[in-house]
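Source file: upload.cif; contents: mmCIF, C-alpha atoms.
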```
data_model
#
loop_
_atom_site.label_atom_id
_atom_site.label_comp_id
_atom_site.auth_asym_id
_atom_site.auth_seq_id
_atom_site.Cartn_x
_atom_site.Cartn_y
_atom_site.Cartn_z
CA MET Y 247 143.59 106.11 113.06
CA ASN Y 248 144.72 106.50 109.45
CA ASP Y 249 142.51 106.02 106.38
CA LYS Y 250 143.62 102.43 105.87
CA ASP Y 251 142.72 101.52 109.44
CA VAL Y 252 139.32 103.22 109.19
CA PHE Y 253 138.56 101.32 106.00
CA LEU Y 254 139.67 97.95 107.40
CA LYS Y 255 137.83 98.43 110.70
CA THR Y 256 134.62 99.54 108.99
CA ALA Y 257 134.82 96.78 106.37
CA ALA Y 258 135.21 94.21 109.17
CA GLU Y 259 132.18 95.66 110.97
CA ILE Y 260 130.06 95.44 107.82
CA SER Y 261 131.24 91.89 107.14
CA ALA Y 262 130.28 90.92 110.70
CA MET Y 263 126.70 92.16 110.34
CA ASN Y 264 124.08 89.41 110.70
CA ALA Y 265 122.05 89.50 107.49
CA CYS Y 266 120.06 86.51 108.74
CA ASP Y 267 118.46 88.45 111.60
CA MET Y 268 115.11 88.99 109.92
CA ALA Y 269 113.82 91.07 112.86
CA SER Y 270 116.63 93.60 112.36
CA VAL Y 271 116.59 94.02 108.58
CA SER Y 272 115.65 97.72 108.62
CA SER Y 273 118.09 98.58 111.41
CA ASN Y 274 120.80 96.58 109.63
CA LYS Y 275 120.17 98.58 106.47
CA ALA Y 276 120.42 101.86 108.43
CA ALA Y 277 123.64 100.66 110.12
CA LEU Y 278 125.00 99.67 106.71
CA GLN Y 279 124.35 103.19 105.39
CA GLU Y 280 126.19 104.71 108.37
CA LYS Y 281 129.14 102.37 108.02
CA LEU Y 282 129.36 102.90 104.26
CA ALA Y 283 129.37 106.67 104.83
CA LEU Y 284 132.29 106.30 107.24
CA MET Y 285 134.13 104.00 104.86
CA LYS Y 286 133.55 106.33 101.91
CA SER Y 287 134.89 109.27 103.94
CA VAL Y 288 138.40 107.82 103.66
CA MET Y 289 138.13 106.84 100.01
CA SER Y 290 138.78 108.67 96.76
CA GLU Y 291 136.00 110.02 94.56
CA GLU Y 292 136.25 106.83 92.55
CA GLY Y 293 135.88 104.79 95.74
CA VAL Y 294 132.77 106.72 96.75
CA ARG Y 295 131.29 106.29 93.29
CA PHE Y 296 132.12 102.57 93.35
CA TRP Y 297 130.15 101.97 96.58
CA ASP Y 298 127.27 104.22 95.57
CA ASP Y 299 126.97 102.42 92.23
CA PHE Y 300 127.32 98.99 93.80
CA LEU Y 301 124.63 99.62 96.40
CA TYR Y 302 122.29 101.09 93.77
CA GLU Y 303 122.83 98.17 91.37
CA CYS Y 304 122.36 95.65 94.15
CA GLU Y 305 119.10 97.26 95.29
CA GLU Y 306 117.88 97.42 91.69
CA ALA Y 307 118.81 93.78 91.03
CA THR Y 308 116.95 92.57 94.11
CA GLU Y 309 113.96 94.91 93.84
CA ASP Y 310 111.89 92.57 91.69
CA LEU Y 311 112.70 89.35 93.54
CA GLU Y 312 109.52 87.55 94.44
CA LEU Y 313 110.32 85.46 97.47
CA GLU Y 314 107.14 83.77 98.58
CA GLU Y 315 108.61 81.35 101.11
CA ASP Y 316 107.62 81.57 104.76
CA PHE Y 317 110.91 82.13 106.58
CA GLU Y 318 109.37 81.86 110.05
CA GLY Y 319 111.39 79.50 112.23
CA TRP Y 320 114.28 79.10 109.81
CA ASP Y 321 117.67 78.89 111.52
CA ARG Y 322 120.60 81.08 110.52
CA ARG Y 323 122.26 78.33 108.46
CA ARG Y 324 119.13 77.71 106.38
CA LEU Y 325 118.56 81.45 105.88
CA SER Y 326 122.18 81.98 104.88
CA ARG Y 327 122.03 79.11 102.39
CA PHE Y 328 118.78 80.46 100.94
CA MET Y 329 120.30 83.93 100.56
CA ALA Y 330 123.38 82.53 98.81
CA GLU Y 331 121.21 80.50 96.43
CA THR Y 332 119.03 83.53 95.72
CA ILE Y 333 122.08 85.70 95.06
CA HIS Y 334 123.45 83.16 92.59
CA GLU Y 335 120.19 82.20 90.87
CA SER Y 336 118.89 85.75 90.49
CA GLY Y 337 122.03 87.07 88.83
CA VAL Y 338 122.80 89.48 91.68
CA TYR Y 339 126.05 87.53 92.03
CA ASN Y 340 127.24 89.02 88.75
CA LEU Y 341 127.69 92.35 90.54
CA LEU Y 342 130.41 90.88 92.76
CA GLY Y 343 133.95 91.86 92.01
CA PHE Y 344 136.17 94.71 91.08
CA PRO Y 345 139.36 94.78 89.04
CA GLN Y 346 142.02 94.06 91.66
CA GLU Y 347 144.54 96.26 89.86
CA LYS Y 348 142.20 99.23 90.40
CA THR Y 349 141.95 98.73 94.17
CA VAL Y 350 144.56 101.41 94.78
CA ASP Y 351 142.40 103.93 92.85
CA LEU Y 352 139.65 103.63 95.47
CA PHE Y 353 141.75 105.41 98.05
CA HIS Y 354 143.14 108.91 98.42
CA SER Y 355 146.82 109.54 97.89
CA GLU Y 356 147.86 106.68 100.15
CA THR Y 357 149.83 104.04 98.33
CA LEU Y 358 149.02 100.45 99.09
CA SER Y 359 151.73 97.82 98.91
CA GLY Y 360 151.16 94.61 96.93
CA ASP Y 361 150.16 92.67 100.04
CA GLU Y 362 147.81 95.43 101.15
CA ILE Y 363 146.11 95.55 97.76
CA GLU Y 364 145.22 91.87 98.00
CA ASP Y 365 144.02 92.27 101.59
CA PHE Y 366 141.91 95.33 100.75
CA TYR Y 367 140.50 93.58 97.68
CA GLU Y 368 139.39 90.64 99.86
CA HIS Y 369 137.71 93.08 102.27
CA ILE Y 370 135.92 94.77 99.37
CA GLU Y 371 134.52 91.42 98.22
CA LYS Y 372 133.39 90.53 101.74
CA VAL Y 373 131.60 93.86 102.07
CA GLN Y 374 130.00 93.37 98.65
CA TRP Y 375 128.74 89.93 99.67
CA ARG Y 376 127.25 91.26 102.91
CA ILE Y 377 125.53 94.09 101.02
CA MET Y 378 124.03 91.54 98.62
CA GLU Y 379 122.80 89.47 101.56
CA LEU Y 380 121.28 92.52 103.23
CA CYS Y 381 119.50 93.48 100.01
CA VAL Y 382 118.08 89.95 99.68
CA ALA Y 383 117.08 89.98 103.37
CA GLU Y 384 115.22 93.20 102.75
CA ARG Y 385 113.22 91.52 99.98
CA MET Y 386 112.58 88.51 102.19
CA THR Y 387 110.82 90.75 104.71
CA ALA Y 388 108.97 92.90 102.19
#
```
Take the structure in the file and write it out as structure tokens.
Amino acid sequence: MNDKDVFLKTAAEISAMNACDMASVSSNKAALQEKLALMKSVMSEEGVRFWDDFLYECEEATEDLELEEDFEGWDRRRLSRFMAETIHESGVYNLLGFPQEKTVDLFHSETLSGDEIEDFYEHIEKVQWRIMELCVAERMTA
């Protein structure tokens, strides 16, 4: 499997994680760390720094959230909606994004075509969103 495939496969696995499974928040966080390590292994120094900085900023931004609701019995849809609202209202949402023209800089010497850049950029945003959800979920169970 080449670096591109490893990134895409790992990004898809992270995006598929269930942030709404409140009973698995700590194991989800551990799995996220493992998957990010694998993803970063095929990225450039700038790519590694990008994910390290993003995760740190996301954890910092959610650290002081005071979520006093009782989430017991909430279904996945309600939890997901609550997480999205929290991400937007708390300002964590402002961390989302990356200059699309710099996507190619996140990878080693491999050159991405124009179509691949857009596809990889979309995967980066999906992974960022899932990380934000997992950080909020962690605060919800604190």
Quiz item: For this file, the PyMOL selection byres ((chain Y and resi 305) around 10) selects which residues, as a list in words?
Solution: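 Given this file, the PyMOL selection byres ((chain Y and resi 305) around 10) evaluates to Asp299, Phe300, Leu301, Tyr302, Glu303, Cys304, Glu306, Ala307, Thr308, Glu309, Asp310, Val338, Ile377, Met378, Leu380, Cys381, Val382, Glu384 and Arg385 of chain Y.
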Quiz prompt | Å distance separating atom CA of Y:Phe353 from atom CA of Y:Gly293, one decimal place | solution =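 Spanning atom CA of Y:Phe353 to atom CA of Y:Gly293 is a straight-line distance of 6.3 Å.
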Practice problem: Decode the PyMOL selection byres ((chain Y and resi 249) around 9) for the given file into explicit residues and return them as a PyMOL selection string. | Solution: chain Y and resi 247-248+250-254+285+287-289+353-354+356
Self-check item: Best match for closeness to Y:Phe328 among Y:Cys266, Y:Ala257, Y:Val350, Y:Ala283, counting only C-alpha atoms
Solution: Y:Cys266
Exercise. Mind checking which residues fall within 9 Å of Y:Tyr367, counting all atoms listed in the file, ignoring those fewer than 4 positions away in the same chain, and posting them as a PyMOL selection string?
Key: chain Y and resi 343-346+349+362-363+371-372
